[in-house]
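Participant: My questions all concern the structure below.
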Amino acid sequence: MSATTGRRIALVAAGLVFAVPLLYMIEVSLHAEGHGLSESPLALGGAVHFENYARALERMGDFRRLLFNTVLVTVLSIVGQLACCSLAGFAFARLEFRGRDGLFLLVVATMMLPDHVTAIPRFLLFRWMGAVDTYYPLILPTVLGGAPFFIFLFRQYFLSLPSELSEAARVDGASPLRAYWSVFLPLARPMLATVAIFTFLATWNDFWAPLIYLSSPEKRTLTLALAGFHQTYNTAVEHMMAAATVVVAPCILVYFFTQRVFLRGVRVAATKG
Amino acid sequence: MARVELTGISKRYTGGTVALDAVDLEVAAGEFLVLVGPSGCGKSTLLRIVAGLVEASAGDVRFDGESVVGLEAGQRDVAMVFQNYALYPHMSVAKNLAFPLRLAGVARAERRRRVAETAELLGLTELLKRKPAQLSGGQMQRVAVGRAIVRNPRVFLFDEPLSNLDAKLRGEMRGELRALHERLGITTLYVTHDQAEAMTLGSRVCVLESGRILQVGNPLEVFERPAARFVAGFIGSPPMNLVAGVARDGVFEAGTLRLPTAAPAGPLVLGVRPHDIEIGADGSEAEVIDVERLGTSTQLVCALGPVRLTLACEGHVTTERGERLRLRPRPERLHWFDPESGARVPT
């Protein structure tokens with residue numbers, strides 16, 4: 001057995017560890033109602049119940065509304081994240097101002113804080129602002145630089161571009177903002193794509209923030225609806241799995257088609273110091 | 001075009017490094033001045049201070065008598081060409097050329113006209129739609145020059161623009177830059193560490209070392225009468241022979257070398273160019289220890305006791321290693337320097 005074959009077998013085995021739960025979810029979602037867990041997972045047999053999907057969407061409530069809410073929050077988060085993190089990264093990489101490096105260290109240090117530590121102060125802040133049960137608490141933290149990791153990514157990327165580019169822009173008469181917009185941002189396309197994908201996955205899948213801040217049923221996102229499903233219909237595993245498949249499908253598709261960008265982002269984070 | 005005056009320019013970095021130490025320099029309107037010196041001598045820092053990219057710790061920069069200190073780089077009406085060209089990689093050649101005009105608010109039709117004119121002047125018309133990655137080094141250099149001249153700036157700044165090109169292309173570009181300067185007549189400051197560029201390009205040369213100006217003058221003057229030992233060794237190829245010895249009773253002694261000198265008695269450094277040493281019947285005896293045949297000339301390295309002298313002879317000579325010769329540096333072509341300060345000793 002050659003080294004390549006051995007490596008392939010190892011990769012397939014590792015891939016299976018991650019793929020089996022997904023495949024199992026899809027498999028269960030196609031069983032007849034009430035038989036999802038009682039039958040052996042592999043005994044799919046002849047009867048495939050695609051109608052579970054229609055039932056599941058129906059039971060989730062207003063699916064279009066849920067989808068719209070989720071897309072709205074996701075899109076605004078991505079746009080905000082890209083604008084804010086690239087601007088901050090540009091400033092840390094290319095502008096000279098007093099206390100810059102100290103400030104950057106502080107930003108990076110916030111990466112060490114788990115979300116759950118800041119959850120209560122953040123909740124109190126948004127309550128004080130009267131923003132509970134709105135989308136602001138879901139979007140604003142990303143727009144206002146709540147992602148130090150992405151700021152770090154952009155900074156590293158901008159630092160990797162030659163400093164003469166910003167000098168040339170300055171001599172040509174560009175203000176820092178203009179240099180950012182006309183020179184650095186277009187060159188950061190690979191990084192923008194990476195951050196957009198990371199943000200998409202994180203926001204789309206986010207359950208925690210919608211759970212804390214959203215209470216009106218018409219404002220719920222897909223993940224919340226999925227959780228609600230669990231409580232109301234916890235016996236209909238097939239429907240729940242069908243709903244989960246629908247919710248998770250965009251993430252898998254996005255990842256599938258953008259793997260290269262995604263991995264490049266991971267590599268940049270790992271290699272640029 | 002503008003007259004550029006630099007007075008008392010110093011640059012100190014936190015940590016105490018002194019990049020420039022009270023530099024005074026005046027560049028006449030329309031002049032081509034070359035700043036030359038080894039890496040770290042402060043020449044690029046000086047250029048960046050003129051550009052407004054680096055702030056001086058002290059001193060004043062004036063264009064036509066008006067101080068530009070405190071003005072942003074973009075407000076100084078200078079254009080700069082960088083060593084690595086610094087073209088905007090995502091823009092086509094046409095957009096690169098138009099970028100400074102767009103920022104200056106030049107109308108689209110006028111922009112087009114000037115880009116076309118500049119492209120024509122530099123032979124870039126065929127390349128206007130290409131991206132920088134699709135250009136050769138020489139073409140990128142031309143685009144960088146084009147981006148500088150398209151604005152018709154008051155002052156041109158070049159920061160080692162030819163050092164990324166191969167030797168042949170460098171020679172061609174030198175000629176083009178000279179022709180361009182003659183045609184446009186824009187005040188130019190040109191930084192290089194290459195003494196050949198300094199000698200051939202500038203109407204005047206300014207030699208810097210360790211943040212200080214050692215000599216300013218026209219290239220021939222700097223070559224013929226170097227004001228300091230460093231200048232003597234830096235300008236000219238092959239470099240000047242510099243021999244440390246002692247002057248005693250009007251005679252300079254070093255190894256087996258004996259030369260009359262009018263310099264006062266004491267330690268002294270002799271400078272003599274390789275072309276200024278003759279082989280003859282009289283003179284100091286020397287042994288040839290290395291021969292380099294370059295085709296148009298031959299370089300001989302000779303030993304006079306512990307002293308080494310390089311000779312440059314026209315054409316091809318038959319001298320072989322190990323031969324003994326008598327060497328006579330031409331007395332009217334000798335330079336004397338103080339070993340302590342490095343300054344020229346007047347004789």
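So you can find residues: chains in the structure tokens are A, B, ... in the order shown, residues in each start at 1, and ligands are numbered from 1 in order.
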At a cut-off of 9 Å, list the chain B residues touching chain A, using only C-alpha atoms, as a PDB file with C-alpha atoms, in the first residue's frame.
Facilitator:
ATOM      1  CA  ALA B  51       7.924  64.292  -0.507  1.00  0.00           C
ATOM      2  CA  GLY B  52       6.156  64.829   2.803  1.00  0.00           C
ATOM      3  CA  LEU B  53       6.060  61.120   3.609  1.00  0.00           C
ATOM      4  CA  GLU B  72       0.523  66.611   3.275  1.00  0.00           C
ATOM      5  CA  ALA B  73       2.385  64.764   0.529  1.00  0.00           C
ATOM      6  CA  GLY B  74      -0.576  65.143  -1.825  1.00  0.00           C
ATOM      7  CA  GLN B  75      -0.653  68.912  -1.356  1.00  0.00           C
ATOM      8  CA  ARG B  76       3.009  69.479  -2.234  1.00  0.00           C
ATOM      9  CA  ASP B  77       2.595  68.877  -5.950  1.00  0.00           C
ATOM     10  CA  VAL B  78       5.496  66.446  -6.085  1.00  0.00           C
ATOM     11  CA  ALA B  79       5.569  63.101  -7.869  1.00  0.00           C
ATOM     12  CA  MET B  80       7.592  60.119  -6.836  1.00  0.00           C
ATOM     13  CA  VAL B  81       8.860  56.967  -8.532  1.00  0.00           C
ATOM     14  CA  PHE B  82       9.605  54.089  -6.195  1.00  0.00           C
ATOM     15  CA  GLN B  83      12.186  51.336  -6.371  1.00  0.00           C
ATOM     16  CA  ASN B  84       9.515  48.619  -6.586  1.00  0.00           C
ATOM     17  CA  TYR B  85       7.394  50.880  -8.875  1.00  0.00           C
ATOM     18  CA  ALA B  86       4.415  50.795  -6.453  1.00  0.00           C
ATOM     19  CA  LEU B  87       1.910  50.483  -9.291  1.00  0.00           C
ATOM     20  CA  TYR B  88      -1.642  49.760  -8.170  1.00  0.00           C
ATOM     21  CA  PRO B  89      -1.901  46.057  -9.059  1.00  0.00           C
ATOM     22  CA  HIS B  90      -5.675  45.997  -9.542  1.00  0.00           C
ATOM     23  CA  MET B  91      -5.756  48.923 -11.965  1.00  0.00           C
ATOM     24  CA  PHE B  99      -5.328  57.931 -10.695  1.00  0.00           C
ATOM     25  CA  PRO B 100      -3.464  61.098  -9.581  1.00  0.00           C
ATOM     26  CA  LEU B 101      -5.502  63.132 -12.060  1.00  0.00           C
ATOM     27  CA  LEU B 103      -7.755  62.587  -7.219  1.00  0.00           C
ATOM     28  CA  ALA B 104      -6.905  66.091  -8.370  1.00  0.00           C
ATOM     29  CA  ARG B 147       2.224  58.213 -13.383  1.00  0.00           C
ATOM     30  CA  ALA B 148       4.689  60.790 -12.095  1.00  0.00           C
ATOM     31  CA  ARG B 151       0.470  65.457 -13.335  1.00  0.00           C
TER      32      ARG B 151
END
Participant: So that I can check the surroundings of Gly295 of chain B, please list as a VMD selection string every protein, DNA and RNA residue that reaches within 12 Å of it, counting only C-alpha atoms and ignoring chain neighbours fewer than 5 positions away.
Facilitator: chain B and resid 312 to 317
Participant: So that I can check the surroundings of Ala196 of chain B, please list as a list in words every protein, DNA and RNA residue that reaches within 10 Å of it, counting only C-alpha atoms and ignoring chain neighbours fewer than 4 positions away.
Facilitator: Gly171, Arg174, Thr192, Thr200, Leu201, Ile235, Gly236 and Ser237 of chain B
Participant: Generate the output file for the selected residues, all heavy atoms, as a PDB file, in the first residue's frame.
Facilitator:
ATOM      1  N   GLY B 171      20.934  50.660 -18.337  1.00  0.00           N
ATOM      2  CA  GLY B 171      21.643  51.594 -19.212  1.00  0.00           C
ATOM      3  C   GLY B 171      20.671  52.318 -20.137  1.00  0.00           C
ATOM      4  O   GLY B 171      20.734  53.535 -20.296  1.00  0.00           O
ATOM      5  N   ARG B 174      18.528  54.812 -18.209  1.00  0.00           N
ATOM      6  CA  ARG B 174      19.301  56.008 -17.837  1.00  0.00           C
ATOM      7  C   ARG B 174      19.216  57.035 -18.966  1.00  0.00           C
ATOM      8  O   ARG B 174      18.940  58.205 -18.722  1.00  0.00           O
ATOM      9  CB  ARG B 174      20.771  55.632 -17.609  1.00  0.00           C
ATOM     10  CG  ARG B 174      21.066  55.135 -16.235  1.00  0.00           C
ATOM     11  CD  ARG B 174      22.485  55.460 -15.815  1.00  0.00           C
ATOM     12  NE  ARG B 174      23.519  54.937 -16.701  1.00  0.00           N
ATOM     13  CZ  ARG B 174      24.256  53.833 -16.455  1.00  0.00           C
ATOM     14  NH1 ARG B 174      24.049  53.170 -15.337  1.00  0.00           N
ATOM     15  NH2 ARG B 174      25.173  53.450 -17.292  1.00  0.00           N
ATOM     16  N   THR B 192      20.185  57.262  -5.485  1.00  0.00           N
ATOM     17  CA  THR B 192      20.756  56.002  -5.947  1.00  0.00           C
ATOM     18  C   THR B 192      21.957  55.629  -5.080  1.00  0.00           C
ATOM     19  O   THR B 192      22.537  56.484  -4.420  1.00  0.00           O
ATOM     20  CB  THR B 192      21.189  56.094  -7.426  1.00  0.00           C
ATOM     21  OG1 THR B 192      21.726  54.843  -7.818  1.00  0.00           O
ATOM     22  CG2 THR B 192      22.241  57.162  -7.645  1.00  0.00           C
ATOM     23  N   THR B 200      26.387  59.704 -14.451  1.00  0.00           N
ATOM     24  CA  THR B 200      25.861  59.909 -15.800  1.00  0.00           C
ATOM     25  C   THR B 200      24.558  60.700 -15.838  1.00  0.00           C
ATOM     26  O   THR B 200      24.233  61.299 -16.843  1.00  0.00           O
ATOM     27  CB  THR B 200      25.612  58.557 -16.499  1.00  0.00           C
ATOM     28  OG1 THR B 200      24.797  57.764 -15.632  1.00  0.00           O
ATOM     29  CG2 THR B 200      26.907  57.829 -16.750  1.00  0.00           C
ATOM     30  N   LEU B 201      23.800  60.695 -14.747  1.00  0.00           N
ATOM     31  CA  LEU B 201      22.461  61.292 -14.810  1.00  0.00           C
ATOM     32  C   LEU B 201      22.434  62.755 -14.378  1.00  0.00           C
ATOM     33  O   LEU B 201      21.792  63.591 -14.997  1.00  0.00           O
ATOM     34  CB  LEU B 201      21.490  60.499 -13.935  1.00  0.00           C
ATOM     35  CG  LEU B 201      20.833  59.288 -14.577  1.00  0.00           C
ATOM     36  CD1 LEU B 201      20.025  58.540 -13.551  1.00  0.00           C
ATOM     37  CD2 LEU B 201      19.932  59.718 -15.724  1.00  0.00           C
ATOM     38  N   ILE B 235      33.035  57.250  -5.360  1.00  0.00           N
ATOM     39  CA  ILE B 235      32.775  57.675  -6.741  1.00  0.00           C
ATOM     40  C   ILE B 235      33.914  57.198  -7.630  1.00  0.00           C
ATOM     41  O   ILE B 235      35.078  57.421  -7.330  1.00  0.00           O
ATOM     42  CB  ILE B 235      32.639  59.214  -6.818  1.00  0.00           C
ATOM     43  CG1 ILE B 235      31.466  59.688  -5.960  1.00  0.00           C
ATOM     44  CG2 ILE B 235      32.510  59.687  -8.264  1.00  0.00           C
ATOM     45  CD1 ILE B 235      30.099  59.431  -6.510  1.00  0.00           C
ATOM     46  N   GLY B 236      33.572  56.566  -8.735  1.00  0.00           N
ATOM     47  CA  GLY B 236      34.581  56.071  -9.664  1.00  0.00           C
ATOM     48  C   GLY B 236      34.647  54.561  -9.637  1.00  0.00           C
ATOM     49  O   GLY B 236      34.502  53.950  -8.580  1.00  0.00           O
ATOM     50  N   SER B 237      34.830  53.976 -10.829  1.00  0.00           N
ATOM     51  CA  SER B 237      34.914  52.527 -10.920  1.00  0.00           C
ATOM     52  C   SER B 237      35.979  52.162 -11.940  1.00  0.00           C
ATOM     53  O   SER B 237      35.937  52.669 -13.060  1.00  0.00           O
ATOM     54  CB  SER B 237      33.564  51.974 -11.339  1.00  0.00           C
ATOM     55  OG  SER B 237      33.666  50.596 -11.559  1.00  0.00           O
TER      56      SER B 237
END
Participant: Segment 91-177 of chain A: which residues are alpha helix (DSSP H) by DSSP, as a PyMOL selection string?
Facilitator: chain A and resi 91-94+100-109+115-128+136-143+148-159+163-171+176-177
Participant: Fewer than 3 positions away in the same chain doesn't count, so skip those; otherwise give me all residues within 7 Å of segment 104-117 of chain A, counting only C-alpha atoms, as a PyMOL selection string.
Facilitator: chain A and resi 92+100-101+148-149
Participant: Using only C-alpha atoms, which protein or nucleic acid residues come within 12 Å of segment 254-259 of chain A? Drop anything in the same chain fewer than 2 positions from it, and give the result as a VMD selection string.
Facilitator: chain A and resid 190 193 to 201 204 248 to 252 261 to 266
Participant: Near Asp194 of chain B, counting only C-alpha atoms, which residues have an atom at most 10 Å away, once you skip same-chain residues fewer than 6 positions from it, shown as a PyMOL selection string?
Facilitator: chain B and resi 36-38+160+162-163+234-235
Participant: Do you know which residues are at most 8 Å from Glu323 of chain B counting only C-alpha atoms, after dropping those on the same chain fewer than 3 positions away, and could you put them as a list of chain:residue names?
Facilitator: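 Answer for this query is B:Glu287, B:Val288, B:Thr319, B:Glu320.
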Participant: Can you tell me how far atom CA of Thr74 of chain A sits from atom CA of Leu211 of chain A, in Å to one decimal?
Facilitator: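 Going from atom CA of Thr74 of chain A over to atom CA of Leu211 of chain A covers 15.5 Å.
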Participant: Have a look at atom CA of Gly266 of chain B and atom CA of Ala227 of chain B and let me know their distance in Å, one decimal.
Facilitator: 19.6 Å
